[in-house]
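Reproduced below: protein21.json, with JSON, C-alpha atoms.
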```json
[["chain", "number", "residue", "atom", "x", "y", "z"],
["T", 1, "GLU", "CA", 18.14, -38.25, -41.75],
["T", 2, "ASN", "CA", 15.21, -37.16, -39.54],
["T", 3, "ALA", "CA", 13.35, -35.17, -42.20],
["T", 4, "GLY", "CA", 10.13, -37.17, -41.69],
["T", 5, "GLU", "CA", 10.25, -37.05, -37.89],
["T", 6, "GLN", "CA", 6.82, -36.22, -36.47],
["T", 7, "ARG", "CA", 7.15, -36.89, -32.74],
["T", 8, "PRO", "CA", 6.77, -33.83, -30.53],
["T", 9, "THR", "CA", 9.96, -32.40, -29.06],
["T", 10, "LYS", "CA", 10.12, -30.22, -25.96],
["T", 11, "VAL", "CA", 13.30, -28.27, -25.31],
["T", 12, "PHE", "CA", 13.76, -26.97, -21.77],
["T", 13, "ALA", "CA", 16.80, -24.70, -21.56],
["T", 14, "GLY", "CA", 18.08, -23.59, -18.18],
["T", 15, "PHE", "CA", 19.80, -20.27, -17.58],
["T", 16, "ARG", "CA", 20.96, -18.60, -14.38],
["T", 17, "ALA", "CA", 19.79, -15.13, -15.45],
["T", 18, "LEU", "CA", 17.67, -13.63, -18.21],
["T", 19, "SER", "CA", 20.82, -11.95, -19.51],
["T", 20, "ASP", "CA", 22.29, -15.43, -20.12],
["T", 21, "VAL", "CA", 19.53, -16.53, -22.52],
["T", 22, "ILE", "CA", 20.82, -17.42, -25.98],
["T", 23, "PHE", "CA", 19.21, -18.75, -29.16],
["T", 24, "GLU", "CA", 15.72, -17.80, -28.00],
["T", 25, "GLU", "CA", 14.74, -16.34, -31.38],
["T", 26, "GLU", "CA", 16.16, -19.32, -33.27],
["T", 27, "LEU", "CA", 14.35, -21.84, -31.08],
["T", 28, "GLU", "CA", 11.08, -19.94, -31.32],
["T", 29, "ALA", "CA", 11.50, -19.83, -35.12],
["T", 30, "LEU", "CA", 12.08, -23.59, -35.11],
["T", 31, "ALA", "CA", 8.84, -24.04, -33.18],
["T", 32, "GLU", "CA", 7.00, -21.97, -35.78],
["T", 33, "ASP", "CA", 8.63, -23.81, -38.70],
["T", 34, "THR", "CA", 7.52, -27.18, -37.27],
["T", 35, "ASP", "CA", 3.92, -26.10, -36.62],
["T", 36, "GLY", "CA", 4.48, -26.41, -32.88],
["T", 37, "ARG", "CA", 5.91, -29.94, -32.99],
["T", 38, "VAL", "CA", 9.09, -28.51, -31.45],
["T", 39, "ARG", "CA", 8.39, -26.46, -28.34],
["T", 40, "PHE", "CA", 10.93, -24.38, -26.46],
["T", 41, "GLN", "CA", 10.66, -23.22, -22.90],
["T", 42, "MET", "CA", 13.37, -21.44, -20.97],
["T", 43, "CYS", "CA", 13.92, -21.88, -17.27],
["T", 44, "VAL", "CA", 15.61, -19.05, -15.37],
["T", 45, "SER", "CA", 16.89, -19.92, -11.92],
["T", 46, "GLU", "CA", 17.25, -16.36, -10.62],
["T", 47, "LEU", "CA", 13.46, -15.99, -10.95],
["T", 48, "ARG", "CA", 12.97, -18.64, -8.27],
["T", 49, "ASP", "CA", 10.13, -17.10, -6.27],
["T", 50, "GLU", "CA", 7.90, -14.07, -5.86],
["T", 51, "ARG", "CA", 10.79, -12.00, -4.47],
["T", 52, "TYR", "CA", 12.33, -12.13, -7.97],
["T", 53, "PRO", "CA", 9.48, -11.18, -10.31],
["T", 54, "PRO", "CA", 9.86, -11.83, -14.02],
["T", 55, "PRO", "CA", 9.67, -8.97, -16.49],
["T", 56, "PRO", "CA", 6.33, -8.30, -18.20],
["T", 57, "GLY", "CA", 5.60, -10.90, -20.86],
["T", 58, "TYR", "CA", 7.97, -13.56, -19.49],
["T", 59, "GLU", "CA", 6.44, -16.98, -20.19],
["T", 60, "GLY", "CA", 9.24, -19.30, -19.13],
["T", 61, "LEU", "CA", 9.70, -21.50, -16.12],
["T", 62, "ARG", "CA", 11.14, -20.14, -12.89],
["T", 63, "ASP", "CA", 13.72, -21.74, -10.59],
["T", 64, "ARG", "CA", 16.25, -24.46, -11.34],
["T", 65, "VAL", "CA", 15.61, -27.01, -14.09],
["T", 66, "THR", "CA", 15.52, -29.82, -11.50],
["T", 67, "ARG", "CA", 12.75, -28.03, -9.59],
["T", 68, "SER", "CA", 10.59, -26.54, -12.33],
["T", 69, "VAL", "CA", 10.67, -28.94, -15.30],
["T", 70, "PRO", "CA", 9.39, -32.03, -13.41],
["T", 71, "GLN", "CA", 6.29, -30.08, -12.42],
["T", 72, "VAL", "CA", 5.22, -29.57, -16.04],
["T", 73, "LEU", "CA", 5.96, -33.07, -17.37],
["T", 74, "ASP", "CA", 3.04, -35.46, -17.79],
["T", 75, "PRO", "CA", 3.60, -38.51, -15.54],
["T", 76, "ALA", "CA", 1.65, -40.68, -18.01],
["T", 77, "GLU", "CA", 4.27, -39.94, -20.71],
["T", 78, "LEU", "CA", 7.44, -40.50, -18.65],
["T", 79, "LYS", "CA", 8.05, -44.12, -19.60],
["T", 80, "THR", "CA", 7.56, -43.49, -23.33],
["T", 81, "THR", "CA", 9.57, -40.28, -23.57],
["T", 82, "HIS", "CA", 13.24, -40.04, -24.51],
["T", 83, "PHE", "CA", 15.17, -37.59, -22.33],
["T", 84, "HIS", "CA", 18.44, -36.08, -23.52],
["T", 85, "LEU", "CA", 20.04, -34.30, -20.57],
["T", 86, "ILE", "CA", 22.79, -31.81, -21.40],
["T", 87, "GLY", "CA", 24.85, -29.52, -19.21],
["T", 88, "ASN", "CA", 26.05, -29.20, -15.65],
["T", 89, "GLY", "CA", 26.99, -32.56, -14.11],
["T", 90, "GLY", "CA", 24.99, -31.87, -10.97],
["T", 91, "MET", "CA", 21.79, -31.20, -12.91],
["T", 92, "VAL", "CA", 22.35, -34.11, -15.29],
["T", 93, "LYS", "CA", 23.10, -36.65, -12.54],
["T", 94, "THR", "CA", 20.21, -35.49, -10.35],
["T", 95, "PHE", "CA", 17.70, -35.52, -13.22],
["T", 96, "GLN", "CA", 18.96, -38.92, -14.41],
["T", 97, "ALA", "CA", 18.63, -40.43, -10.91],
["T", 98, "ALA", "CA", 15.12, -39.03, -10.48],
["T", 99, "LEU", "CA", 13.98, -40.32, -13.86],
["T", 100, "SER", "CA", 15.32, -43.77, -13.01],
["T", 101, "LYS", "CA", 13.53, -43.78, -9.62],
["T", 102, "ALA", "CA", 10.33, -42.63, -11.37],
["T", 103, "GLY", "CA", 10.49, -45.70, -13.63],
["T", 104, "VAL", "CA", 11.90, -44.23, -16.84],
["T", 105, "PRO", "CA", 13.89, -47.00, -18.58],
["T", 106, "ASP", "CA", 17.64, -46.32, -18.70],
["T", 107, "GLU", "CA", 17.63, -46.72, -22.48],
["T", 108, "HIS", "CA", 15.28, -43.71, -22.68],
["T", 109, "VAL", "CA", 17.87, -41.39, -21.10],
["T", 110, "THR", "CA", 21.02, -40.10, -22.78],
["T", 111, "ILE", "CA", 23.38, -37.59, -21.25],
["T", 112, "GLU", "CA", 26.06, -35.05, -22.08],
["T", 113, "MET", "CA", 27.93, -33.43, -19.17],
["T", 114, "TYR", "CA", 30.14, -30.44, -19.84],
["T", 115, "PHE", "CA", 31.43, -29.56, -16.38],
["T", 116, "ASN", "CA", 30.94, -30.41, -12.70],
["T", 117, "HIS", "CA", 31.41, -34.14, -13.44],
["T", 118, "LYS", "CA", 32.21, -35.02, -9.82],
["T", 119, "GLU", "CA", 29.13, -33.38, -8.33],
["T", 120, "GLU", "CA", 27.43, -35.61, -5.76],
["T", 121, "VAL", "CA", 23.72, -36.29, -6.11],
["T", 122, "LEU", "CA", 21.69, -35.33, -3.06],
["T", 123, "ASP", "CA", 19.07, -37.94, -2.19],
["T", 124, "SER", "CA", 16.69, -35.24, -0.93],
["T", 125, "GLU", "CA", 16.77, -33.45, -4.31],
["T", 126, "VAL", "CA", 16.16, -36.72, -6.15],
["T", 127, "GLU", "CA", 13.21, -37.57, -3.89],
["T", 128, "ASP", "CA", 11.70, -34.10, -4.38],
["T", 129, "MET", "CA", 12.02, -34.53, -8.15],
["T", 130, "VAL", "CA", 10.44, -37.99, -8.08],
["T", 131, "LYS", "CA", 7.44, -36.60, -6.16],
["T", 132, "ALA", "CA", 7.08, -33.80, -8.72],
["T", 133, "LEU", "CA", 7.48, -36.22, -11.65],
["T", 134, "GLN", "CA", 4.72, -38.46, -10.30],
["T", 135, "ALA", "CA", 2.28, -35.64, -9.49],
["T", 136, "PRO", "CA", -0.17, -34.35, -12.10],
["T", 137, "ALA", "CA", 1.48, -31.80, -14.38],
["T", 138, "ARG", "CA", 0.97, -28.19, -13.41],
["T", 139, "SER", "CA", 0.53, -25.26, -15.73],
["T", 140, "SER", "CA", 3.82, -23.89, -16.98],
["T", 141, "GLU", "CA", 2.59, -20.29, -16.62],
["T", 142, "TRP", "CA", 4.22, -19.97, -13.22],
["T", 143, "VAL", "CA", 6.39, -22.70, -11.86],
["T", 144, "GLY", "CA", 8.88, -21.93, -9.18],
["T", 145, "ALA", "CA", 9.90, -22.72, -5.65],
["T", 146, "GLU", "CA", 7.15, -22.56, -3.12],
["T", 147, "THR", "CA", 7.60, -19.71, -0.65]]
```

As structure tokens, how would this structure be written, given the file I've shared?
Amino acid sequence: ENAGEQRPTKVFAGFRALSDVIFEEELEALAEDTDGRVRFQMCVSELRDERYPPPPGYEGLRDRVTRSVPQVLDPAELKTTHFHLIGNGGMVKTFQAALSKAGVPDEHVTIEMYFNHKEEVLDSEVEDMVKALQAPARSSEWVGAET
């Protein structure tokens, strides 16, 4: 159905620990097979700051998805990007609220929550995300909590 699809796709996958990472080889192969149109970047929350250094060669994001991914998104592309948020209800609800506050149209956001459905969204987390979403994108070489 989507055989002719040419729009770029960025997959950010969040994991608590490096030992939790799955499908890395398959996603990297997909990126190669699509000449880079599909890009994969993992985000490992246990690598949240300089006290938790990544292993040599690690190129992923560091810290929670809600803290690291907004820093590498281009604010100029927010309103024309489709976001499909999948996973923990807390992450999904927080990301969805921040995207809405940053001006992303509701029809550009779809969600799938698998657990933690009753998690309350913290206004302070949403505001921090909105600030990061509206700031110029940073390099994804090292993105983590400020110490």

Can I get the residues of range 17-76 of chain T within 10 Å of range 80-93 of chain T, each with the closest pair of atoms and their distance in Å to one decimal, using all atoms listed in the file, sorted chain first then ascending number, as JSON lines?
```
{"residue": "T:Arg64", "atom": "CA", "partner": "T:Met91", "partner_atom": "CA", "distance": 8.9}
{"residue": "T:Val65", "atom": "CA", "partner": "T:Met91", "partner_atom": "CA", "distance": 7.6}
{"residue": "T:Thr66", "atom": "CA", "partner": "T:Met91", "partner_atom": "CA", "distance": 6.6}
{"residue": "T:Asp74", "atom": "CA", "partner": "T:Thr81", "partner_atom": "CA", "distance": 10.0}
{"residue": "T:Ala76", "atom": "CA", "partner": "T:Thr80", "partner_atom": "CA", "distance": 8.4}
```

Who sits within 9 Å of Pro105 in chain T, all atoms listed in the file, same chain under 5 positions skipped, as a VMD selection string: chain T and resid 79 to 80 99 to 100

Would you save the residues of that selection, restricted to C-alpha atoms, as a compact mmCIF listing (two decimals), in the frame of the given file?
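Output contents, as saved in again34.txt:
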```txt
# COMPACT_ATOMS: atom_id res chain seq x y z
CA LYS T 79 8.05 -44.12 -19.60
CA THR T 80 7.56 -43.49 -23.33
CA LEU T 99 13.98 -40.32 -13.86
CA SER T 100 15.32 -43.77 -13.01
```

Nearest to Val126 in chain T, chosen from T:Leu30, T:Ile111, T:Ile22, T:Ala102, with only C-alpha atoms counted in the distances: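 Answer, going by the shortest atom-to-atom distance: T:Ala102.
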
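For Leu73 in chain T, the non-local neighbours within 12 Å, defined as residues at least 6 positions apart in the same chain or in other chains and counting only C-alpha atoms, are Lys10, Val11, Phe12, Val65, Thr66, Arg67, Lys79, Thr81, Phe83, Leu99, Met129, Val130, Lys131, Ala132, Leu133, Gln134, Ala135, Pro136, Ala137, Arg138, Ser139, Ser140 and Val143 of chain T.
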
For CA of Phe40 in chain T and CA of Tyr114 in chain T, the interatomic separation in Å (one decimal):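 CA of Tyr114 in chain T lies at a distance of 21.2 Å from CA of Phe40 in chain T.
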
Pairwise distance for CA of Arg48 in chain T and CA of Gln71 in chain T, rounded to one decimal in Å: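 Going from CA of Arg48 in chain T over to CA of Gln71 in chain T, I get 13.9 Å.
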
Non-local contacts of Arg39 in chain T (12 Å; all atoms listed in the file; under 4 positions in same chain excluded) as a list of chain:residue names: T:Arg7, T:Pro8, T:Thr9, T:Lys10, T:Val11, T:Phe12, T:Ala13, T:Glu24, T:Glu26, T:Leu27, T:Glu28, T:Ala29, T:Leu30, T:Ala31, T:Glu32, T:Asp33, T:Thr34, T:Asp35, T:Gly60

Can those selected residues be exported to a file as a short mmCIF file (atom, residue, chain, number, x, y, z; two decimals), keeping the file's coordinate frame so that it contains C-alpha atoms?
```
data_model
loop_
_atom_site.label_atom_id
_atom_site.label_comp_id
_atom_site.auth_asym_id
_atom_site.auth_seq_id
_atom_site.Cartn_x
_atom_site.Cartn_y
_atom_site.Cartn_z
CA ARG T 7 7.15 -36.89 -32.74
CA PRO T 8 6.77 -33.83 -30.53
CA THR T 9 9.96 -32.40 -29.06
CA LYS T 10 10.12 -30.22 -25.96
CA VAL T 11 13.30 -28.27 -25.31
CA PHE T 12 13.76 -26.97 -21.77
CA ALA T 13 16.80 -24.70 -21.56
CA GLU T 24 15.72 -17.80 -28.00
CA GLU T 26 16.16 -19.32 -33.27
CA LEU T 27 14.35 -21.84 -31.08
CA GLU T 28 11.08 -19.94 -31.32
CA ALA T 29 11.50 -19.83 -35.12
CA LEU T 30 12.08 -23.59 -35.11
CA ALA T 31 8.84 -24.04 -33.18
CA GLU T 32 7.00 -21.97 -35.78
CA ASP T 33 8.63 -23.81 -38.70
CA THR T 34 7.52 -27.18 -37.27
CA ASP T 35 3.92 -26.10 -36.62
CA GLY T 60 9.24 -19.30 -19.13
#
```

Length of the CA of Glu120 in chain T to CA of Ala97 in chain T vector [Å]: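 The value is 11.3 Å.
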
Long-range neighbours of Arg16 in chain T as a PyMOL selection string, 9 Å cut-off, all atoms listed in the file, 2 positions minimum in chain: chain T and resi 14+18-21+43-47+63-64

Nearest to Glu50 in chain T by atom-to-atom distance, counting all atoms listed in the file, from T:Lys118, T:Arg62, T:Thr94, T:Val69: T:Arg62

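Distances here use all atoms listed in the file; by that measure, the residue among T:Ala98, T:Pro55, T:Gly103, T:Glu112 closest to Glu127 in chain T is T:Ala98.
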
Please supply range 22-42 of chain T, rebuilt with N, CA, C and O atoms, as an mmCIF file, in the frame of the given file.
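Writing done, so here's selection-v7.cif:
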```cif
data_model
loop_
_atom_site.group_PDB
_atom_site.id
_atom_site.type_symbol
_atom_site.label_atom_id
_atom_site.label_comp_id
_atom_site.auth_asym_id
_atom_site.auth_seq_id
_atom_site.Cartn_x
_atom_site.Cartn_y
_atom_site.Cartn_z
ATOM 1 N N ILE T 22 20.318 -17.452 -24.606
ATOM 2 C CA ILE T 22 20.820 -17.420 -25.980
ATOM 3 C C ILE T 22 19.921 -18.263 -26.875
ATOM 4 O O ILE T 22 19.200 -19.131 -26.397
ATOM 5 N N PHE T 23 19.937 -17.995 -28.138
ATOM 6 C CA PHE T 23 19.210 -18.750 -29.160
ATOM 7 C C PHE T 23 17.698 -18.769 -28.980
ATOM 8 O O PHE T 23 17.017 -19.611 -29.551
ATOM 9 N N GLU T 24 17.158 -17.831 -28.211
ATOM 10 C CA GLU T 24 15.720 -17.800 -28.000
ATOM 11 C C GLU T 24 14.971 -17.585 -29.315
ATOM 12 O O GLU T 24 14.011 -18.308 -29.614
ATOM 13 N N GLU T 25 15.409 -16.614 -30.113
ATOM 14 C CA GLU T 25 14.740 -16.340 -31.380
ATOM 15 C C GLU T 25 14.827 -17.524 -32.327
ATOM 16 O O GLU T 25 13.854 -17.861 -33.003
ATOM 17 N N GLU T 26 15.983 -18.167 -32.375
ATOM 18 C CA GLU T 26 16.160 -19.320 -33.270
ATOM 19 C C GLU T 26 15.277 -20.490 -32.851
ATOM 20 O O GLU T 26 14.664 -21.147 -33.704
ATOM 21 N N LEU T 27 15.186 -20.739 -31.553
ATOM 22 C CA LEU T 27 14.350 -21.840 -31.080
ATOM 23 C C LEU T 27 12.870 -21.548 -31.270
ATOM 24 O O LEU T 27 12.082 -22.434 -31.603
ATOM 25 N N GLU T 28 12.474 -20.310 -31.082
ATOM 26 C CA GLU T 28 11.080 -19.940 -31.320
ATOM 27 C C GLU T 28 10.747 -20.036 -32.816
ATOM 28 O O GLU T 28 9.644 -20.454 -33.185
ATOM 29 N N ALA T 29 11.697 -19.688 -33.678
ATOM 30 C CA ALA T 29 11.500 -19.830 -35.120
ATOM 31 C C ALA T 29 11.370 -21.303 -35.497
ATOM 32 O O ALA T 29 10.547 -21.667 -36.337
ATOM 33 N N LEU T 30 12.172 -22.147 -34.862
ATOM 34 C CA LEU T 30 12.080 -23.590 -35.110
ATOM 35 C C LEU T 30 10.700 -24.106 -34.721
ATOM 36 O O LEU T 30 10.098 -24.903 -35.447
ATOM 37 N N ALA T 31 10.181 -23.629 -33.600
ATOM 38 C CA ALA T 31 8.840 -24.040 -33.180
ATOM 39 C C ALA T 31 7.799 -23.630 -34.220
ATOM 40 O O ALA T 31 6.907 -24.413 -34.556
ATOM 41 N N GLU T 32 7.931 -22.427 -34.739
ATOM 42 C CA GLU T 32 7.000 -21.970 -35.780
ATOM 43 C C GLU T 32 7.134 -22.796 -37.051
ATOM 44 O O GLU T 32 6.134 -23.184 -37.663
ATOM 45 N N ASP T 33 8.368 -23.058 -37.471
ATOM 46 C CA ASP T 33 8.630 -23.810 -38.700
ATOM 47 C C ASP T 33 8.134 -25.247 -38.641
ATOM 48 O O ASP T 33 7.929 -25.872 -39.674
ATOM 49 N N THR T 34 7.965 -25.785 -37.423
ATOM 50 C CA THR T 34 7.520 -27.180 -37.270
ATOM 51 C C THR T 34 6.073 -27.254 -36.814
ATOM 52 O O THR T 34 5.634 -28.272 -36.293
ATOM 53 N N ASP T 35 5.337 -26.159 -37.011
ATOM 54 C CA ASP T 35 3.920 -26.100 -36.620
ATOM 55 C C ASP T 35 3.701 -26.512 -35.170
ATOM 56 O O ASP T 35 2.740 -27.208 -34.852
ATOM 57 N N GLY T 36 4.632 -26.125 -34.306
ATOM 58 C CA GLY T 36 4.480 -26.410 -32.880
ATOM 59 C C GLY T 36 4.944 -27.781 -32.441
ATOM 60 O O GLY T 36 4.849 -28.116 -31.267
ATOM 61 N N ARG T 37 5.421 -28.602 -33.371
ATOM 62 C CA ARG T 37 5.910 -29.940 -32.990
ATOM 63 C C ARG T 37 7.117 -29.818 -32.073
ATOM 64 O O ARG T 37 7.308 -30.590 -31.161
ATOM 65 N N VAL T 38 7.960 -28.809 -32.328
ATOM 66 C CA VAL T 38 9.090 -28.510 -31.450
ATOM 67 C C VAL T 38 8.681 -27.326 -30.589
ATOM 68 O O VAL T 38 8.285 -26.286 -31.108
ATOM 69 N N ARG T 39 8.743 -27.525 -29.275
ATOM 70 C CA ARG T 39 8.390 -26.460 -28.340
ATOM 71 C C ARG T 39 9.598 -26.123 -27.482
ATOM 72 O O ARG T 39 10.306 -27.022 -27.039
ATOM 73 N N PHE T 40 9.802 -24.854 -27.245
ATOM 74 C CA PHE T 40 10.930 -24.380 -26.460
ATOM 75 C C PHE T 40 10.415 -23.648 -25.238
ATOM 76 O O PHE T 40 9.495 -22.842 -25.335
ATOM 77 N N GLN T 41 11.009 -23.957 -24.100
ATOM 78 C CA GLN T 41 10.660 -23.220 -22.900
ATOM 79 C C GLN T 41 11.924 -22.997 -22.077
ATOM 80 O O GLN T 41 12.640 -23.936 -21.751
ATOM 81 N N MET T 42 12.192 -21.730 -21.788
ATOM 82 C CA MET T 42 13.370 -21.440 -20.970
ATOM 83 C C MET T 42 13.013 -21.553 -19.504
ATOM 84 O O MET T 42 11.849 -21.472 -19.108
#
```
